[in-house]
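Heads up, final-v9.txt below (compact mmCIF, C-alpha atoms):
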# COMPACT_ATOMS: atom_id res chain seq x y z
CA MET A 24 -30.50 6.20 1.10
CA ASN A 25 -30.78 2.44 0.65
CA VAL A 26 -29.60 0.44 3.69
CA ILE A 27 -29.12 -3.29 4.17
CA GLU A 28 -28.19 -4.71 7.58
CA ILE A 29 -26.37 -7.98 8.23
CA LYS A 30 -27.07 -9.17 11.79
CA SER A 31 -25.64 -12.66 11.51
CA LYS A 32 -22.73 -13.25 13.91
CA SER A 33 -20.94 -15.58 11.49
CA GLY A 34 -20.79 -16.44 7.81
CA THR A 35 -18.55 -16.13 4.78
CA ASN A 36 -17.76 -13.48 2.18
CA ALA A 37 -20.83 -14.66 0.23
CA ILE A 38 -23.38 -13.02 2.56
CA ILE A 39 -21.47 -9.74 2.48
CA GLN A 40 -21.08 -9.81 -1.29
CA ARG A 41 -24.79 -10.40 -1.79
CA GLY A 42 -25.50 -7.27 0.22
CA ILE A 43 -23.03 -5.19 -1.80
CA ASP A 44 -24.37 -6.48 -5.12
CA SER A 45 -27.99 -5.81 -4.11
CA LEU A 46 -27.21 -2.23 -3.12
CA TYR A 47 -25.28 -1.63 -6.32
CA ASP A 48 -28.28 -2.84 -8.33
CA MET A 49 -30.44 -0.36 -6.38
CA GLY A 50 -28.13 2.50 -7.33
CA GLY A 51 -26.02 2.58 -4.18
CA GLY A 52 -26.40 2.72 -0.41
CA THR A 53 -24.88 1.45 2.82
CA LEU A 54 -24.28 -2.11 4.00
CA LYS A 55 -24.24 -2.25 7.81
CA ILE A 56 -22.55 -5.28 9.35
CA GLY A 57 -23.00 -6.15 13.02
CA PRO A 58 -20.49 -7.85 15.34
CA GLY A 59 -19.35 -11.25 14.12
CA THR A 60 -16.58 -13.21 12.44
CA PHE A 61 -16.80 -13.86 8.71
CA ILE A 62 -14.44 -16.31 6.99
CA LEU A 63 -13.37 -15.16 3.54
CA TYR A 64 -12.85 -17.64 0.69
CA ASP A 65 -12.69 -14.79 -1.82
CA SER A 66 -12.28 -11.03 -1.60
CA ILE A 67 -15.08 -8.73 -0.62
CA HIS A 68 -15.40 -6.89 -3.93
CA LEU A 69 -16.20 -3.18 -3.63
CA LYS A 70 -18.60 -1.45 -6.01
CA SER A 71 -19.11 2.22 -6.78
CA GLY A 72 -21.50 4.05 -4.50
CA VAL A 73 -21.81 1.21 -1.95
CA ASN A 74 -20.53 1.94 1.55
CA ILE A 75 -19.53 -0.84 3.95
CA VAL A 76 -19.85 0.02 7.64
CA GLY A 77 -18.97 -2.44 10.38
CA SER A 78 -19.55 -2.27 14.12
CA GLY A 79 -15.93 -1.63 15.05
CA ALA A 80 -13.32 -4.11 16.24
CA GLN A 81 -15.90 -6.84 16.78
CA THR A 82 -16.73 -7.07 13.08
CA ILE A 83 -13.95 -9.36 11.85
CA PHE A 84 -13.12 -10.48 8.32
CA LYS A 85 -10.71 -13.43 8.54
CA LYS A 86 -9.00 -14.88 5.50
CA CYS A 87 -9.18 -18.64 5.02
CA ALA A 88 -6.00 -20.75 4.99
CA SER A 89 -4.48 -20.93 1.51
CA VAL A 90 -4.02 -24.00 -0.70
CA SER A 91 -1.66 -24.30 -3.66
CA SER A 92 -1.03 -26.41 -6.73
CA ARG A 93 1.39 -26.55 -9.64
CA LEU A 94 -0.02 -26.26 -13.14
CA SER A 95 -0.85 -29.37 -15.14
CA ALA A 96 -0.49 -27.44 -18.44
CA ASP A 97 0.98 -24.12 -19.54
CA LEU A 98 -1.37 -21.11 -19.58
CA GLY A 99 -1.77 -18.34 -22.16
CA TYR A 100 -2.31 -14.60 -21.82
CA GLY A 101 -5.95 -13.59 -22.23
CA HIS A 102 -7.43 -16.99 -21.39
CA TYR A 103 -10.12 -17.54 -18.75
CA ASP A 104 -9.17 -20.91 -17.32
CA VAL A 105 -6.27 -22.56 -15.54
CA SER A 106 -5.17 -26.21 -15.39
CA VAL A 107 -3.96 -27.54 -12.04
CA GLU A 108 -2.37 -30.76 -10.79
CA LYS A 109 -4.53 -30.83 -7.64
CA PRO A 110 -8.05 -29.73 -8.59
CA GLU A 111 -9.47 -31.33 -5.44
CA LEU A 112 -8.02 -28.42 -3.42
CA PHE A 113 -10.10 -25.81 -5.22
CA LYS A 114 -13.82 -25.07 -5.33
CA LYS A 115 -16.18 -22.74 -7.12
CA GLY A 116 -16.16 -19.28 -5.57
CA LEU A 117 -12.59 -19.47 -4.25
CA GLY A 118 -10.24 -16.56 -4.94
CA ILE A 119 -6.90 -17.48 -6.52
CA TYR A 120 -3.54 -15.96 -7.46
CA VAL A 121 -1.74 -17.20 -10.59
CA SER A 122 1.98 -16.49 -11.08
CA ASP A 123 5.34 -17.88 -12.14
CA ASP A 124 8.98 -16.82 -11.88
CA ASN A 125 8.50 -14.23 -14.64
CA GLY A 126 4.83 -13.43 -14.08
CA LYS A 127 4.82 -11.56 -10.77
CA GLY A 128 3.75 -8.10 -9.66
CA PHE A 129 1.25 -6.68 -12.14
CA TYR A 130 1.89 -9.69 -14.39
CA ALA A 131 0.26 -11.98 -11.84
CA THR A 132 -3.48 -12.63 -11.97
CA VAL A 133 -6.02 -12.51 -9.15
CA ALA A 134 -9.39 -14.01 -10.03
CA THR A 135 -12.39 -15.96 -8.74
CA ILE A 136 -13.18 -19.53 -9.76
CA LEU A 137 -16.50 -19.63 -11.65
CA TRP A 138 -16.60 -23.30 -12.65
CA LYS A 139 -14.71 -26.61 -12.41
CA ASP A 140 -14.32 -29.35 -14.99
CA LYS A 141 -11.93 -32.06 -13.86
CA ASN A 142 -8.54 -30.31 -13.67
CA LEU A 143 -9.78 -27.08 -15.31
CA LEU A 144 -10.78 -24.05 -13.27
CA GLY A 145 -12.74 -21.32 -15.06
CA ILE A 146 -12.05 -17.78 -13.80
CA ASN A 147 -13.76 -14.38 -14.00
CA ARG A 148 -10.69 -12.35 -15.12
CA MET A 149 -8.41 -13.03 -18.04
CA LEU A 150 -4.84 -14.11 -17.40
CA ASN A 151 -2.38 -11.20 -17.42
CA HIS A 152 0.60 -13.22 -18.66
CA ASP A 153 1.78 -16.53 -20.09
CA TYR A 154 2.49 -18.91 -17.19
CA THR A 155 4.60 -22.03 -17.74
CA ARG A 156 5.56 -25.07 -15.74
CA VAL A 157 9.28 -24.64 -16.48
CA ARG A 158 9.05 -21.26 -14.69
CA ASN A 159 7.44 -22.85 -11.61
CA ALA A 160 3.92 -21.62 -12.30
CA ARG A 161 1.48 -22.08 -9.42
CA VAL A 162 -2.10 -21.37 -8.46
CA CYS A 163 -2.62 -20.39 -4.83
CA SER A 164 -5.75 -19.29 -2.98
CA VAL A 165 -4.43 -15.94 -1.80
CA PHE A 166 -6.25 -12.68 -2.55
CA PRO A 167 -6.99 -9.29 -0.97
CA VAL A 168 -9.48 -9.42 1.89
CA ILE A 169 -11.07 -6.21 0.57
CA SER A 170 -10.64 -5.64 -3.17
CA GLY A 171 -11.65 -2.62 -5.24
CA TYR A 172 -11.21 -2.47 -9.03
CA TYR A 173 -12.43 0.70 -10.81
CA ALA A 174 -14.70 1.69 -7.91
CA ARG A 175 -15.60 5.28 -6.99
CA ASN A 176 -17.32 7.30 -4.30
CA LEU A 177 -17.63 4.95 -1.37
CA THR A 178 -16.61 4.49 2.28
CA VAL A 179 -15.17 1.42 4.00
CA GLU A 180 -15.35 1.81 7.76
CA GLY A 181 -15.34 0.09 11.13
CA PHE A 182 -14.02 -3.47 11.10
CA THR A 183 -10.98 -5.69 11.60
CA ILE A 184 -9.16 -7.58 8.87
CA ASP A 185 -7.39 -10.68 10.18
CA GLY A 186 -5.10 -11.84 7.36
CA ASN A 187 -4.35 -15.17 9.05
CA GLY A 188 -0.79 -14.76 7.78
CA ASN A 189 0.69 -17.91 9.28
CA GLU A 190 -1.72 -20.05 7.24
CA ASN A 191 -1.28 -18.19 3.97
CA SER A 192 1.33 -17.76 1.26
CA PHE A 193 2.73 -14.31 0.44
CA ILE A 194 1.07 -12.11 -2.20
CA ASP A 195 2.81 -9.14 -3.82
CA GLY A 196 1.45 -5.63 -3.17
CA CYS A 197 0.92 -4.96 -6.88
CA ARG A 198 -2.02 -7.37 -6.77
CA GLY A 199 -2.74 -7.90 -3.10
CA GLY A 200 -3.09 -6.46 0.38
CA GLY A 201 -5.37 -6.65 3.37
CA ILE A 202 -7.12 -3.89 1.41
CA PHE A 203 -6.18 -3.56 -2.27
CA LEU A 204 -7.45 -0.85 -4.63
CA LEU A 205 -6.74 -0.56 -8.37
CA GLN A 206 -7.89 2.52 -10.31
CA CYS A 207 -10.25 3.60 -7.55
CA HIS A 208 -11.16 7.21 -6.88
CA ASN A 209 -12.74 9.15 -4.00
CA VAL A 210 -12.69 6.24 -1.56
CA LYS A 211 -12.61 6.74 2.22
CA ILE A 212 -11.07 4.06 4.46
CA ARG A 213 -11.66 4.76 8.15
CA ASN A 214 -11.30 3.01 11.49
CA ILE A 215 -9.99 -0.22 10.02
CA VAL A 216 -7.58 -2.63 11.70
CA VAL A 217 -5.43 -4.63 9.26
CA ARG A 218 -3.28 -7.22 10.95
CA SER A 219 -1.35 -10.39 10.14
CA TYR A 220 -1.83 -10.25 6.38
CA ASN A 221 0.85 -12.15 4.41
CA GLY A 222 1.59 -9.16 2.20
CA ASP A 223 1.05 -5.40 2.52
CA GLY A 224 -1.55 -4.04 4.90
CA ILE A 225 -3.15 -1.52 2.52
CA SER A 226 -1.98 -1.25 -1.10
CA PHE A 227 -3.41 1.09 -3.71
CA GLN A 228 -2.37 1.46 -7.34
CA GLN A 229 -3.36 4.11 -9.92
CA CYS A 230 -5.79 5.69 -7.46
CA THR A 231 -6.69 9.32 -6.75
CA ARG A 232 -8.14 11.19 -3.81
CA LEU A 233 -8.26 8.38 -1.29
CA GLU A 234 -8.59 9.16 2.42
CA ILE A 235 -7.08 6.63 4.81
CA GLU A 236 -7.72 7.76 8.38
CA ASP A 237 -7.68 6.38 11.93
CA CYS A 238 -6.51 2.93 10.85
CA GLU A 239 -4.22 0.44 12.61
CA ILE A 240 -1.95 -1.37 10.16
CA THR A 241 0.16 -3.70 12.25
CA ASP A 242 2.07 -6.98 12.19
CA ASN A 243 1.65 -7.59 8.47
CA PHE A 244 4.22 -9.64 6.55
CA GLY A 245 4.91 -6.98 3.90
CA SER A 246 4.85 -3.19 4.21
CA GLY A 247 2.15 -1.35 6.13
CA LEU A 248 1.00 1.17 3.50
CA HIS A 249 1.92 0.76 -0.17
CA PRO A 250 1.03 3.85 -2.23
CA GLY A 251 1.84 2.77 -5.77
CA SER A 252 1.83 3.08 -9.54
CA GLY A 253 0.91 6.67 -10.23
CA SER A 254 -1.51 7.25 -7.35
CA ALA A 255 -2.07 10.92 -6.53
CA GLY A 256 -3.77 13.20 -4.05
CA VAL A 257 -4.05 10.61 -1.26
CA VAL A 258 -4.40 11.59 2.41
CA MET A 259 -3.03 9.16 5.02
CA ARG A 260 -3.81 10.56 8.46
CA ASN A 261 -3.75 9.49 12.11
CA CYS A 262 -2.83 5.87 11.44
CA LYS A 263 -0.75 3.47 13.53
CA ILE A 264 1.69 1.69 11.19
CA CYS A 265 3.70 -0.63 13.40
CA ARG A 266 5.72 -3.86 13.42
CA ASN A 267 5.26 -4.67 9.75
CA LYS A 268 7.96 -6.95 8.34
CA LYS A 269 9.01 -4.58 5.54
CA ASP A 270 8.67 -0.77 5.37
CA GLY A 271 6.12 1.17 7.33
CA VAL A 272 5.13 3.26 4.29
CA PHE A 273 6.51 2.25 0.88
CA TYR A 274 6.00 4.84 -1.86
CA CYS A 275 6.42 2.73 -4.98
CA LEU A 276 6.33 4.30 -8.47
CA ARG A 277 5.31 7.79 -9.58
CA VAL A 278 3.16 8.51 -6.55
CA SER A 279 2.57 12.25 -6.15
CA HIS A 280 0.90 14.98 -4.10
CA THR A 281 0.07 12.93 -1.01
CA LEU A 282 -0.22 13.95 2.64
CA LEU A 283 1.11 11.63 5.37
CA GLU A 284 0.14 13.27 8.64
CA ASP A 285 -0.15 12.54 12.37
CA CYS A 286 0.78 8.88 12.01
CA ILE A 287 2.75 6.63 14.35
CA ILE A 288 5.31 4.69 12.27
CA ASN A 289 7.09 2.41 14.72
CA GLN A 290 9.15 -0.79 14.86
CA ASN A 291 8.84 -1.76 11.22
CA LYS A 292 11.48 -4.23 10.02
CA ASN A 293 13.01 -2.06 7.30
CA ASP A 294 12.64 1.71 6.77
CA GLY A 295 9.93 3.73 8.46
CA ILE A 296 9.19 5.54 5.18
CA SER A 297 10.71 4.66 1.78
CA ILE A 298 10.48 7.09 -1.17
CA GLY A 299 11.80 6.86 -4.73
CA ALA A 300 11.08 6.18 -8.42
CA ARG A 301 9.37 9.46 -9.41
CA ASP A 302 7.60 9.78 -6.05
CA THR A 303 7.27 13.55 -5.88
CA ASP A 304 5.53 16.50 -4.24
CA HIS A 305 4.61 14.87 -0.93
CA VAL A 306 4.00 16.41 2.48
CA ILE A 307 5.19 14.31 5.43
CA LYS A 308 4.01 16.14 8.50
CA ASN A 309 3.72 15.71 12.28
CA ASN A 310 4.44 11.97 12.31
CA ALA A 311 6.25 9.97 14.99
CA ILE A 312 8.80 7.86 13.06
CA THR A 313 10.58 5.79 15.68
CA GLU A 314 12.49 2.59 16.35
CA ASN A 315 12.41 1.24 12.82
CA ALA A 316 15.05 -1.33 11.88
CA ARG A 317 16.75 0.88 9.31
CA HIS A 318 16.30 4.56 8.44
CA GLY A 319 13.42 6.67 9.64
CA ILE A 320 13.03 8.10 6.12
CA TYR A 321 14.90 6.64 3.14
CA PHE A 322 15.09 8.16 -0.35
CA ARG A 323 16.00 5.32 -2.69
CA PRO A 324 18.81 5.59 -5.31
CA ALA A 325 17.86 6.97 -8.73
CA ASP A 326 19.13 9.06 -11.59
CA GLU A 327 17.68 12.56 -11.85
CA PRO A 328 14.68 11.71 -14.12
CA MET A 329 13.63 8.95 -11.70
CA GLY A 330 14.28 10.72 -8.41
CA GLY A 331 11.77 11.41 -5.68
CA HIS A 332 11.85 15.22 -5.78
CA ARG A 333 10.10 18.13 -4.03
CA ASN A 334 9.05 16.70 -0.68
CA LEU A 335 8.25 18.71 2.45
CA VAL A 336 9.21 17.02 5.74
CA GLU A 337 7.75 19.13 8.53
CA GLY A 338 7.20 18.79 12.26
CA ASN A 339 8.06 15.12 12.54
CA LYS A 340 9.59 13.29 15.46
CA ILE A 341 12.27 11.07 13.88
CA VAL A 342 13.86 9.21 16.77
CA GLU A 343 16.04 6.16 17.45
CA ASN A 344 15.77 4.44 14.12
CA CYS A 345 18.60 2.32 12.61
CA LEU A 346 18.05 -0.37 15.22
CA ILE A 347 19.64 -3.03 13.01
CA SER A 348 21.39 -1.15 10.17
CA GLY A 349 21.78 2.30 8.64
CA GLU A 350 23.82 5.38 9.47
CA ALA A 351 21.28 8.19 9.57
CA GLU A 352 17.76 8.94 10.69
CA VAL A 353 17.15 10.34 7.19
CA PHE A 354 19.18 8.92 4.27
CA ILE A 355 18.90 10.57 0.85
CA GLU A 356 20.53 8.65 -2.01
CA ASP A 357 21.57 10.20 -5.34
CA VAL A 358 19.66 11.74 -7.07
CA ASN A 359 16.71 13.08 -5.06
CA ASN A 360 16.45 16.88 -5.29
CA ASP A 361 14.57 19.59 -3.41
CA GLN A 362 13.97 17.99 -0.04
CA TRP A 363 12.74 20.55 2.47
CA PHE A 364 13.09 19.94 6.23
CA THR A 365 11.55 22.23 8.83
CA LYS A 366 10.49 22.00 12.50
CA ASN A 367 11.55 18.34 12.85
CA TYR A 368 12.96 16.80 16.03
CA ILE A 369 15.68 14.30 15.03
CA ASP A 370 17.28 12.20 17.79
CA GLY A 371 19.85 9.60 16.86
CA GLY A 372 20.29 6.99 19.55
CA ARG A 373 21.91 4.27 17.40
CA SER A 374 22.44 6.32 14.24
CA ASN A 375 25.56 8.39 13.59
CA HIS A 376 23.93 11.26 11.71
CA GLY A 377 20.68 13.11 11.48
CA ILE A 378 20.57 13.46 7.68
CA ILE A 379 22.93 12.09 5.02
CA ALA A 380 22.46 13.22 1.42
CA GLY A 381 24.03 12.10 -1.85
CA ASN A 382 26.75 14.32 -3.31
CA LYS A 383 24.71 14.89 -6.50
CA CYS A 384 21.53 15.94 -4.72
CA LYS A 385 20.49 19.56 -5.20
CA GLY A 386 18.20 21.74 -3.14
CA ILE A 387 18.56 19.98 0.22
CA CYS A 388 17.11 22.66 2.51
CA ILE A 389 17.40 22.18 6.27
CA ALA A 390 15.92 25.11 8.13
CA GLY A 391 17.38 26.33 11.39
CA ASP A 392 14.21 25.38 13.28
CA ASN A 393 15.04 21.65 13.08
CA LYS A 394 16.39 20.22 16.34
CA PHE A 395 19.10 17.51 16.35
CA CYS A 396 20.07 15.47 19.42
CA ASN A 397 22.39 12.54 20.21
CA ILE A 398 24.13 12.37 16.84
CA LYS A 399 27.69 13.01 15.62
CA LYS A 400 26.72 15.43 12.85
CA ALA A 401 23.35 16.92 11.99
CA ALA A 402 23.57 16.77 8.19
CA ILE A 403 26.33 15.80 5.77
CA TYR A 404 26.85 14.71 2.17
CA PHE A 405 28.26 11.26 1.40
CA ASP A 406 31.78 12.70 1.14
CA GLY A 407 31.57 14.24 4.60
CA ARG A 408 30.90 17.85 3.56
CA LEU A 409 28.32 19.59 5.67
CA VAL A 410 24.93 20.24 4.13
CA ASN A 411 24.22 23.96 4.23
CA PHE A 412 21.50 24.97 6.64
CA LYS A 413 19.13 27.31 4.83
CA ASP A 414 15.50 28.31 4.87
CA ILE A 415 13.03 26.30 2.83
CA PRO A 416 11.32 28.07 -0.11
CA ALA A 417 8.52 30.48 0.70
CA LYS A 418 6.12 28.83 -1.77
CA ILE A 419 5.91 25.07 -1.88
CA ARG A 420 3.27 23.43 -4.03
CA SER A 421 3.39 19.91 -2.62
CA GLY A 422 0.55 17.87 -1.15
CA PRO A 423 -3.02 17.05 -2.22
CA LYS A 424 -4.33 20.61 -2.39
CA PHE A 425 -2.10 21.29 -5.40
CA LEU A 426 -3.32 18.30 -7.38
CA ASN A 427 -4.97 19.14 -10.70
CA ASN A 428 -5.97 17.43 -13.92
CA LYS A 429 -2.64 18.13 -15.58
CA LYS A 430 -0.92 16.11 -12.87
CA VAL A 431 -3.05 13.00 -13.38
CA ARG A 432 -2.89 12.86 -17.18
CA HIS A 433 -0.80 9.69 -16.87
CA LEU A 434 -3.91 7.98 -15.43
CA ALA A 435 -6.17 9.21 -18.27
CA ILE A 436 -8.82 10.48 -15.85
CA GLU A 437 -10.53 13.72 -14.94
CA LEU A 438 -10.63 14.53 -11.25
CA GLY A 439 -14.16 14.41 -9.85

Rewritten as structure tokens:
Amino acid sequence: MNVIEIKSKSGTNAIIQRGIDSLYDMGGGTLKIGPGTFILYDSIHLKSGVNIVGSGAQTIFKKCASVSSRLSADLGYGHYDVSVEKPELFKKGLGIYVSDDNGKGFYATVATILWKDKNLLGINRMLNHDYTRVRNARVCSVFPVISGYYARNLTVEGFTIDGNGNENSFIDGCRGGGIFLLQCHNVKIRNIVVRSYNGDGISFQQCTRLEIEDCEITDNFGSGLHPGSGSAGVVMRNCKICRNKKDGVFYCLRVSHTLLEDCIINQNKNDGISIGARDTDHVIKNNAITENARHGIYFRPADEPMGGHRNLVEGNKIVENCLISGEAEVFIEDVNNDQWFTKNYIDGGRSNHGIIAGNKCKGICIAGDNKFCNIKKAAIYFDGRLVNFKDIPAKIRSGPKFLNNKKVRHLAIELG
């Protein structure tokens, strides 16, 4: 296997990117990075077949402070340059985020500056939207610290991401994160610390068969983990997801067949876990979900076609959530069907109920092996009726092992 080692104790993203690009040109390999602090003026861009292995906590990738400017002219979809009022703030090689009041989320653009000509900045990706000055369009130098677009079969392991959040503007999880992956497959993320990023800690969109293990995702300004936009078959295991300013784990849209296991999800500023919008067929197992500001697990409101159905919640410790608001450790809005609870320990503290479910929800199964403590009622519907305690189905086909090609047709891929 091809190996390149970086022994410098300081530098920028450029030295790391040169190593990745060289290995990719050789057909793949491993980039080993020794202890040191590297300041990032653009993302580290992942490439298929190239592993990045740091030396543990002492290998630090720190994001530069962001700069920002209003546009000096309106921008058009599909173009490869932007016009800014303050070109002196930007330089070749800097990563940027382009957005306006209507062009956010996936409509925003993250790109790298390739050239400058007075107030024009040439970029490497086309604009995803029309951006106009009347809608407060801006260019800001925020970007993912680690970025993967269309990459496969690689490992990212053994370093710390310092997002330098107090010196950076916020970036939405649809385009950003301490680590951000878009349409990536068979990627392993291990032994990574992601802290103080002004956005989500790790966000992945339209991805399959990721493994995120033994990571610490703490003190970020968005959610900790953001599984999103049709991702499937992802394993999130043995991670510490703590003190993030939004949800601990935010399942976004049409995420399916994941496993969230053996994680500590603690003291996040909204829900510990948030599920909804066609997020189905998950296994949430053996986690400690504690002391979050709102619910331990929250199923967001939806109609039946858009509900987060068929989720197994097993063996979790769901304790003393609702520190600021919320009435139950687990809160299931209408309409989220077929939620199966077994072997959980649910202890209220500040919450009034263990589980509250919407009146229109069907198939709420709470087995007798769940234990409830320090709450008024174990499980009720919104109207106060008790949820029936009954065994969960004998055959449940949730989680990554039941993923198949039929279930990822919406991504137009074949599982490798």

Would you list the residues near (14.6, 9.9, 3.7) (no more than 10 Å away, in the coordinates of the file, using only C-alpha atoms) as a ChimeraX atom specification? /A:294-299,318-323,331,334,336,351-356,359,362,378-380

By how many Å are CA of Asp370 in chain A and CA of Asp406 in chain A apart?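 Atom-to-atom, CA of Asp370 in chain A to CA of Asp406 in chain A, that is 22.1 Å.
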
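Minimum atom-to-atom distance to Thr35 in chain A, evaluated using all atoms listed in the file, belongs to A:Tyr64 out of A:Tyr64, A:Met49, A:Arg158, A:Lys55.
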
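Taking CA of Asp65 in chain A and CA of Lys86 in chain A as the two end points, the separation is 8.2 Å.
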
Using only C-alpha atoms, can you list as a list in words the residues within 10 Å of (18.6, -7.7, 6.9)?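 These residues have at least one counted atom within 10 Å: Lys292, Asn293, Ala316, Arg317, Ile347 and Ser348 of chain A.
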
Proximity to Ser89 in chain A - best of A:Tyr220, A:Lys127, A:Asp104, A:Asn191, all atoms listed in the file: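 When distances to Ser89 in chain A are compared using all atoms listed in the file, the smallest one comes from A:Asn191.
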
Rounded to one decimal place, report the CA of Val217 in chain A-CA of Val278 in chain A distance in Å. 22.3 Å

List the spatial neighbours of Thr132 in chain A as a VMD selection string - criterion: any atom at most 10 Å away, all atoms listed in the file, same-chain residues fewer than 3 positions off excluded. chain A and resid 119 to 122 126 to 129 148 to 152 162 166 198

Excluding Thr241 in chain A and any residue of its chain fewer than 4 positions from it, enumerate the residues within 8 Å of it, using all atoms listed in the file, and give them as a ChimeraX atom specification. /A:216-219,224,247,263-267

With all atoms listed in the file as the atoms that count, which of A:Lys383, A:Lys399, A:Lys85, A:Lys340 lies nearest to Gly186 in chain A? A:Lys85

Please provide as an mmCIF file with C-alpha atoms, in the frame of the given file all residues within 12 Å of Ala300 in chain A, with the sequence filter that same-chain residues fewer than 4 positions apart are discarded (counting all atoms listed in the file).
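And here is the file that came out, result37.cif:
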data_model
loop_
_atom_site.group_PDB
_atom_site.id
_atom_site.type_symbol
_atom_site.label_atom_id
_atom_site.label_comp_id
_atom_site.auth_asym_id
_atom_site.auth_seq_id
_atom_site.Cartn_x
_atom_site.Cartn_y
_atom_site.Cartn_z
ATOM 1 C CA GLY A 251 1.840 2.770 -5.770
ATOM 2 C CA SER A 252 1.830 3.080 -9.540
ATOM 3 C CA GLY A 253 0.910 6.670 -10.230
ATOM 4 C CA PHE A 273 6.510 2.250 0.880
ATOM 5 C CA TYR A 274 6.000 4.840 -1.860
ATOM 6 C CA CYS A 275 6.420 2.730 -4.980
ATOM 7 C CA LEU A 276 6.330 4.300 -8.470
ATOM 8 C CA ARG A 277 5.310 7.790 -9.580
ATOM 9 C CA VAL A 278 3.160 8.510 -6.550
ATOM 10 C CA SER A 279 2.570 12.250 -6.150
ATOM 11 C CA PHE A 322 15.090 8.160 -0.350
ATOM 12 C CA ARG A 323 16.000 5.320 -2.690
ATOM 13 C CA PRO A 324 18.810 5.590 -5.310
ATOM 14 C CA ALA A 325 17.860 6.970 -8.730
ATOM 15 C CA ASP A 326 19.130 9.060 -11.590
ATOM 16 C CA GLU A 327 17.680 12.560 -11.850
ATOM 17 C CA PRO A 328 14.680 11.710 -14.120
ATOM 18 C CA MET A 329 13.630 8.950 -11.700
ATOM 19 C CA GLY A 330 14.280 10.720 -8.410
ATOM 20 C CA GLY A 331 11.770 11.410 -5.680
ATOM 21 C CA HIS A 332 11.850 15.220 -5.780
ATOM 22 C CA GLU A 356 20.530 8.650 -2.010
ATOM 23 C CA ASP A 357 21.570 10.200 -5.340
ATOM 24 C CA VAL A 358 19.660 11.740 -7.070
ATOM 25 C CA ASN A 359 16.710 13.080 -5.060
#

Long-range neighbours of Asn209 in chain A as an MDAnalysis selection string, 7 Å cut-off, only C-alpha atoms, 5 positions minimum in chain: chainID A and resid 175:177 231:233
